[in-house]
Amino acid sequence: MTDRLSARETVALVTDDFTELPYPARESAEDGPLGWPGYGAARARAAARTGEQESVICGTAHIEGTRAVLVAFEFGFLGGSLGERTGDRLEAAYAHARAHRLPVVPLVATGGSRMQEGMLALTQLQRVARESALTREAGLPQIAVLRDPTTGGGWATLGAGADVVLALPGAQVGFAGSRVRPADADPAAYTAEAQVAAGAADALVRPEELRGTLGRWLRLLTRPSTAPVPPPPPLGARDLPATGWDAVRRARSPERPRATAYLDTYFTHRVALAGDRCGGTDPDGMLCGFGEHEGRTVAYAAQTGTATRPAGYRTAARLVRLADRLGIPVLTLVDTPGAANDAEAERQGAGAAIADLFGAVAAARTPVTTLVVGEGGSGGALAPAAPGNTWATPDSYFSVIAPELAAAILKRQPEEVEATADQLRIRPQDLVELGVIRGVVGVADPREGHPAG
């Protein structure tokens, strides 16, 4: 468990110029809408103890130069619980964000809905969800910070419903609070660390790094751009392969540059988006995030050369849809022998995950650029590729299926694999002639094999 900072102490971590918004007035009986005995007195004690009149404070601030609406929960005020007045404040804050085209940063620390207001308190979650949805439709980013604790409906709306979810190390995070979960439940499952591992949160951020991290995210997510980005230049071979099997060997070479090398060269800095929000991550198969390239924000989804797992495809689909909503161009890097096809991948919904990414790319209004940097194995490689704007490096190939598997399906002998690779026409220059890709980076005329000047 982390040290619990007050709402204003947390705000001070990320900004120096917080300006509180005016709050809506609401007339209600002293003991609330249910007439709960002692509720008014409990509110008065909470106000005296915290100096706040409600469990959330809302205002505008600059975070590392980017103006945003901040929503900070005060856990000391009745456990940061949501009641009708909390809903009033949240609704007004989100409306202000939309009216002034500002991103929203919820700094969440809540134990859930306020029991003393019954179902009227619980229905505040619907108000919050609608405000979040309207803000999403307006193309404004929401970046949540999970503090200790983040449980109940606050986690299920303001936290998990944000576009990017950051968490303070050691924070208790989970839908079930400590007093309502099963007695034999593993407490480690209800932590910020567990939520990151399960793909429900993107990263752990130490308090002293929170301002800088939020600043980078806000800068990147608030710079829309309409033009497609160029593919990266080649980092490996610049001459074209002589045969199909030569293309396969070069793409599979351990010396061939991988996705991280391309990302490091292409971006001056980048931040990672992790997790499919369905309980899975694929850090070894798919890298996703946003970075800066020549002064522009670019979203990226990059395969790493391994078999991509369902969580990887779902994370990439999440990335493409977020970039599309925010008007940010996308770069995808293709490099996989194919989708993971083990039994566990099937149980995790491999087909549905691949379909989801195909659909996200097909529906994207923001421009998508693709570079094949290594192996392009079947539909698992095609799913992140941009129709009409896919390029390839000289040390890559793209095939309907791996040559070995094609030979096996055709009942050919092992010694016929190399000839099969030629028949499949999988070399970069073949793909240009077939109209599958636009060109080969670093090669002026791939049909002739002449290096670009």
# chains A, B, ... in the order shown; residues from 1 in each chain; ligands from 1
>>> select_by_dssp(residues="stretch 153-293 of chain A", states="alpha helix (DSSP H)", output="NGL selection string")
:A and (153-154 or 192-197 or 210-221 or 244-252 or 259-266)
>>> residues_around(residues="A:Gly439", least_positions_apart="2", cutoff="10 Å", atoms="only C-alpha atoms", output="NGL selection string")
:A and (371 or 389-394 or 428-429 or 431-433 or 435-437 or 441-447)
>>> residues_around(residues="stretch 114-129 of chain A", least_positions_apart="2", cutoff="9 Å", atoms="only C-alpha atoms", output="ChimeraX atom specification")
/A:31-37,39,78-84,86-88,90-91,94,111-112,131-134,153-154,156-158,161
>>> select_by_dssp(residues="stretch 274-400 of chain A", states="strand (DSSP E)", output="ChimeraX atom specification")
/A:286-293,296-303,330-336,368-377,390-392,397-399
>>> residues_around(residues="A:His96", least_positions_apart="4", cutoff="12 Å", atoms="only C-alpha atoms", output="compact mmCIF listing (two decimals) with N, CA and C atoms, in the first residue's frame")
# COMPACT_ATOMS: atom_id res chain seq x y z
N GLU A 20 -9.50 25.90 -9.52
CA GLU A 20 -10.70 25.12 -9.27
C GLU A 20 -11.88 25.67 -10.07
N LEU A 21 -12.70 24.76 -10.59
CA LEU A 21 -13.89 25.14 -11.32
C LEU A 21 -15.03 25.44 -10.36
N PRO A 22 -15.99 26.27 -10.75
CA PRO A 22 -17.17 26.47 -9.90
C PRO A 22 -18.01 25.19 -9.86
N TYR A 23 -18.60 24.93 -8.70
CA TYR A 23 -19.37 23.70 -8.53
C TYR A 23 -20.86 23.97 -8.56
N CYS A 58 -12.33 19.53 -8.70
CA CYS A 58 -12.18 19.59 -10.15
C CYS A 58 -11.66 20.96 -10.55
N GLY A 59 -10.78 20.98 -11.53
CA GLY A 59 -10.25 22.25 -11.98
C GLY A 59 -9.40 22.09 -13.23
N THR A 60 -8.87 23.20 -13.70
CA THR A 60 -7.99 23.18 -14.86
C THR A 60 -6.56 23.47 -14.43
N ALA A 68 -5.24 20.96 -19.12
CA ALA A 68 -6.14 19.82 -18.97
C ALA A 68 -7.12 20.09 -17.85
N VAL A 69 -8.19 19.29 -17.81
CA VAL A 69 -9.12 19.28 -16.68
C VAL A 69 -8.68 18.17 -15.74
N LEU A 70 -8.46 18.49 -14.48
CA LEU A 70 -8.09 17.52 -13.46
C LEU A 70 -9.27 17.22 -12.56
N VAL A 71 -9.45 15.95 -12.26
CA VAL A 71 -10.48 15.48 -11.33
C VAL A 71 -9.76 14.68 -10.26
N ARG A 89 -20.42 17.40 -9.72
CA ARG A 89 -19.10 17.99 -9.97
C ARG A 89 -18.42 17.33 -11.18
N LEU A 90 -18.52 16.01 -11.24
CA LEU A 90 -17.89 15.30 -12.35
C LEU A 90 -18.54 15.67 -13.68
N GLU A 91 -19.85 15.74 -13.70
CA GLU A 91 -20.57 16.10 -14.93
C GLU A 91 -20.15 17.49 -15.39
N ALA A 92 -20.06 18.44 -14.47
CA ALA A 92 -19.67 19.79 -14.82
C ALA A 92 -18.23 19.85 -15.33
N HIS A 100 -14.18 23.43 -23.88
CA HIS A 100 -12.91 24.11 -24.10
C HIS A 100 -11.87 23.21 -24.78
N ARG A 101 -12.31 22.03 -25.26
CA ARG A 101 -11.44 21.10 -26.00
C ARG A 101 -10.20 20.75 -25.19
N LEU A 102 -10.42 20.28 -23.96
CA LEU A 102 -9.32 19.94 -23.07
C LEU A 102 -9.34 18.45 -22.74
N PRO A 103 -8.19 17.82 -22.61
CA PRO A 103 -8.13 16.43 -22.14
C PRO A 103 -8.54 16.37 -20.66
N VAL A 104 -8.92 15.18 -20.21
CA VAL A 104 -9.35 14.98 -18.83
C VAL A 104 -8.39 14.00 -18.14
N GLU A 131 -20.70 10.89 -19.46
CA GLU A 131 -19.79 12.01 -19.65
C GLU A 131 -18.48 11.55 -20.30
N LEU A 134 -19.25 10.83 -24.01
CA LEU A 134 -19.38 12.06 -24.79
C LEU A 134 -18.01 12.69 -25.03
N THR A 135 -17.15 12.63 -24.05
CA THR A 135 -15.80 13.18 -24.19
C THR A 135 -14.99 12.36 -25.18
N LEU A 140 -11.41 13.76 -27.44
CA LEU A 140 -10.54 14.27 -26.38
C LEU A 140 -10.00 13.11 -25.55
>>> atom_distance(atom1="atom CA of A:Thr281", atom2="atom CA of A:Thr268")
25.1 Å
>>> atom_distance(atom1="atom CA of A:Gly159", atom2="atom CA of A:Val173")
9.5 Å
>>> residues_around(residues="A:Pro224", least_positions_apart="2", cutoff="8 Å", atoms="only C-alpha atoms", output="compact mmCIF listing (two decimals) with C-alpha atoms, in the first residue's frame")
# COMPACT_ATOMS: atom_id res chain seq x y z
CA LEU A 221 -2.29 12.72 -27.48
CA THR A 222 -3.31 16.32 -28.15
CA THR A 226 -4.19 14.42 -41.15
CA THR A 297 2.69 12.44 -32.98
CA LEU A 326 -7.79 11.38 -31.68
CA GLY A 327 -6.87 12.01 -35.32
CA ILE A 328 -3.33 10.66 -34.99
CA PRO A 329 -1.66 8.81 -37.91
>>> closest_residue(among="A:Glu375, A:Glu208, A:Asp324, A:Asp342", to="A:Pro254", atoms="only C-alpha atoms")
A:Glu375
>>> closest_residue(among="A:Val248, A:Cys278, A:Leu210, A:Val400", to="A:Gln195", atoms="only C-alpha atoms")
A:Cys278
>>> closest_atom_pairs(of="stretch 327-392 of chain A", to="stretch 403-424 of chain A", cutoff="12 Å", atoms="only C-alpha atoms", output="Markdown table")
| residue | atom | partner | partner_atom | distance |
| --- | --- | --- | --- | --- |
| A:Pro337 | CA | A:Pro403 | CA | 10.8 |
| A:Gly338 | CA | A:Leu405 | CA | 11.3 |
| A:Glu375 | CA | A:Pro403 | CA | 11.6 |
| A:Gly376 | CA | A:Pro403 | CA | 11.4 |
| A:Gly377 | CA | A:Pro403 | CA | 9.5 |
| A:Ser378 | CA | A:Pro403 | CA | 10.5 |
>>> atom_distance(atom1="atom CA of A:Ala171", atom2="atom CA of A:Val56")
18.5 Å
>>> decode(residues="stretch 203-252 of chain A", atoms="N, CA and C atoms", output="CSV table (one decimal), in the first residue's frame")
chain,number,residue,atom,x,y,z
A,203,ALA,N,0.8,1.1,-17.2
A,203,ALA,CA,2.1,1.3,-16.7
A,203,ALA,C,2.0,1.7,-15.2
A,204,LEU,N,3.1,1.3,-14.5
A,204,LEU,CA,3.3,1.8,-13.1
A,204,LEU,C,4.1,3.0,-13.2
A,205,VAL,N,3.8,4.1,-12.4
A,205,VAL,CA,4.5,5.3,-12.5
A,205,VAL,C,4.7,5.8,-11.0
A,206,ARG,N,6.0,6.0,-10.6
A,206,ARG,CA,6.3,6.4,-9.3
A,206,ARG,C,5.8,7.9,-9.1
A,207,PRO,N,5.4,8.3,-7.9
A,207,PRO,CA,4.9,9.6,-7.7
A,207,PRO,C,5.8,10.7,-8.2
A,208,GLU,N,7.1,10.6,-8.0
A,208,GLU,CA,8.0,11.6,-8.4
A,208,GLU,C,8.2,11.7,-10.0
A,209,GLU,N,7.7,10.7,-10.7
A,209,GLU,CA,7.8,10.7,-12.1
A,209,GLU,C,6.4,11.0,-12.8
A,210,LEU,N,5.4,11.2,-12.0
A,210,LEU,CA,4.1,11.4,-12.5
A,210,LEU,C,3.9,12.6,-13.4
A,211,ARG,N,4.4,13.7,-12.9
A,211,ARG,CA,4.3,14.9,-13.7
A,211,ARG,C,4.9,14.8,-15.1
A,212,GLY,N,6.1,14.3,-15.2
A,212,GLY,CA,6.8,14.2,-16.5
A,212,GLY,C,6.1,13.2,-17.4
A,213,THR,N,5.6,12.1,-16.8
A,213,THR,CA,4.9,11.0,-17.6
A,213,THR,C,3.6,11.5,-18.1
A,214,LEU,N,2.8,12.2,-17.2
A,214,LEU,CA,1.6,12.8,-17.7
A,214,LEU,C,1.8,13.8,-18.8
A,215,GLY,N,2.8,14.6,-18.6
A,215,GLY,CA,3.2,15.7,-19.6
A,215,GLY,C,3.4,15.1,-20.9
A,216,ARG,N,4.2,14.0,-21.0
A,216,ARG,CA,4.6,13.4,-22.3
A,216,ARG,C,3.3,12.8,-22.9
A,217,TRP,N,2.5,12.1,-22.1
A,217,TRP,CA,1.2,11.5,-22.7
A,217,TRP,C,0.3,12.6,-23.2
A,218,LEU,N,0.2,13.7,-22.5
A,218,LEU,CA,-0.8,14.8,-22.9
A,218,LEU,C,-0.3,15.5,-24.1
A,219,ARG,N,1.0,15.7,-24.2
A,219,ARG,CA,1.6,16.4,-25.4
A,219,ARG,C,1.3,15.5,-26.6
A,220,LEU,N,1.6,14.2,-26.5
A,220,LEU,CA,1.5,13.3,-27.6
A,220,LEU,C,0.0,13.1,-28.1
A,221,LEU,N,-0.9,13.0,-27.1
A,221,LEU,CA,-2.3,12.7,-27.5
A,221,LEU,C,-3.1,13.9,-27.9
A,222,THR,N,-2.5,15.1,-27.8
A,222,THR,CA,-3.3,16.3,-28.2
A,222,THR,C,-2.8,17.0,-29.4
A,223,ARG,N,-2.1,16.2,-30.3
A,223,ARG,CA,-1.6,16.8,-31.5
A,223,ARG,C,-2.1,16.0,-32.7
A,224,PRO,N,-3.3,16.3,-33.2
A,224,PRO,CA,-3.8,15.6,-34.3
A,224,PRO,C,-3.1,16.0,-35.6
A,225,SER,N,-3.2,15.1,-36.6
A,225,SER,CA,-2.5,15.3,-37.9
A,225,SER,C,-3.2,14.5,-38.9
A,226,THR,N,-3.4,15.1,-40.1
A,226,THR,CA,-4.2,14.4,-41.1
A,226,THR,C,-3.4,13.7,-42.2
A,227,ALA,N,-2.1,14.0,-42.3
A,227,ALA,CA,-1.3,13.4,-43.4
A,227,ALA,C,-0.7,12.1,-43.0
A,228,PRO,N,-0.6,11.1,-43.9
A,228,PRO,CA,0.1,9.9,-43.5
A,228,PRO,C,1.6,10.1,-43.3
A,229,VAL,N,2.2,9.2,-42.5
A,229,VAL,CA,3.6,9.3,-42.2
A,229,VAL,C,4.4,8.5,-43.2
A,230,PRO,N,5.6,8.8,-43.4
A,230,PRO,CA,6.5,8.0,-44.3
A,230,PRO,C,6.9,6.7,-43.6
A,231,PRO,N,7.2,5.7,-44.4
A,231,PRO,CA,7.7,4.5,-43.7
A,231,PRO,C,9.2,4.7,-43.3
A,232,PRO,N,9.7,4.0,-42.3
A,232,PRO,CA,11.1,4.2,-41.9
A,232,PRO,C,12.0,3.7,-43.0
A,233,PRO,N,13.2,4.3,-43.1
A,233,PRO,CA,14.2,3.8,-44.0
A,233,PRO,C,14.7,2.4,-43.6
A,234,PRO,N,15.3,1.6,-44.5
A,234,PRO,CA,15.8,0.3,-44.2
A,234,PRO,C,17.0,0.4,-43.2
A,235,LEU,N,17.1,-0.5,-42.3
A,235,LEU,CA,18.2,-0.5,-41.4
A,235,LEU,C,19.1,-1.7,-41.6
A,236,GLY,N,18.7,-2.6,-42.5
A,236,GLY,CA,19.5,-3.8,-42.8
A,236,GLY,C,20.0,-3.8,-44.2
A,237,ALA,N,19.8,-4.9,-44.9
A,237,ALA,CA,20.2,-5.0,-46.3
A,237,ALA,C,19.5,-4.0,-47.2
A,238,ARG,N,20.3,-3.6,-48.2
A,238,ARG,CA,19.7,-2.6,-49.2
A,238,ARG,C,19.6,-3.3,-50.6
A,239,ASP,N,20.2,-4.4,-50.8
A,239,ASP,CA,20.1,-5.1,-52.0
A,239,ASP,C,18.9,-6.1,-52.0
A,240,LEU,N,18.3,-6.4,-53.1
A,240,LEU,CA,17.1,-7.3,-53.1
A,240,LEU,C,17.5,-8.8,-53.2
A,241,PRO,N,16.7,-9.7,-52.7
A,241,PRO,CA,17.1,-11.1,-52.7
A,241,PRO,C,16.9,-11.7,-54.1
A,242,ALA,N,17.8,-12.6,-54.4
A,242,ALA,CA,17.8,-13.2,-55.7
A,242,ALA,C,16.6,-14.2,-55.9
A,243,THR,N,16.3,-15.0,-54.8
A,243,THR,CA,15.3,-16.0,-54.9
A,243,THR,C,14.3,-15.9,-53.8
A,244,GLY,N,13.2,-16.6,-53.9
A,244,GLY,CA,12.2,-16.6,-52.8
A,244,GLY,C,12.8,-17.1,-51.5
A,245,TRP,N,13.5,-18.2,-51.6
A,245,TRP,CA,14.1,-18.8,-50.4
A,245,TRP,C,15.2,-17.9,-49.8
A,246,ASP,N,15.9,-17.2,-50.7
A,246,ASP,CA,16.9,-16.2,-50.2
A,246,ASP,C,16.2,-15.1,-49.4
A,247,ALA,N,15.0,-14.7,-49.8
A,247,ALA,CA,14.2,-13.7,-49.1
A,247,ALA,C,13.8,-14.3,-47.7
A,248,VAL,N,13.4,-15.5,-47.7
A,248,VAL,CA,13.0,-16.1,-46.4
A,248,VAL,C,14.2,-16.2,-45.5
A,249,ARG,N,15.4,-16.6,-46.0
A,249,ARG,CA,16.6,-16.8,-45.1
A,249,ARG,C,17.0,-15.4,-44.5
A,250,ARG,N,17.0,-14.4,-45.3
A,250,ARG,CA,17.4,-13.1,-44.9
A,250,ARG,C,16.4,-12.6,-43.8
A,251,ALA,N,15.1,-12.8,-44.1
A,251,ALA,CA,14.1,-12.3,-43.1
A,251,ALA,C,14.2,-13.0,-41.8
A,252,ARG,N,14.6,-14.3,-41.8
A,252,ARG,CA,14.8,-15.1,-40.6
A,252,ARG,C,16.1,-15.0,-39.9
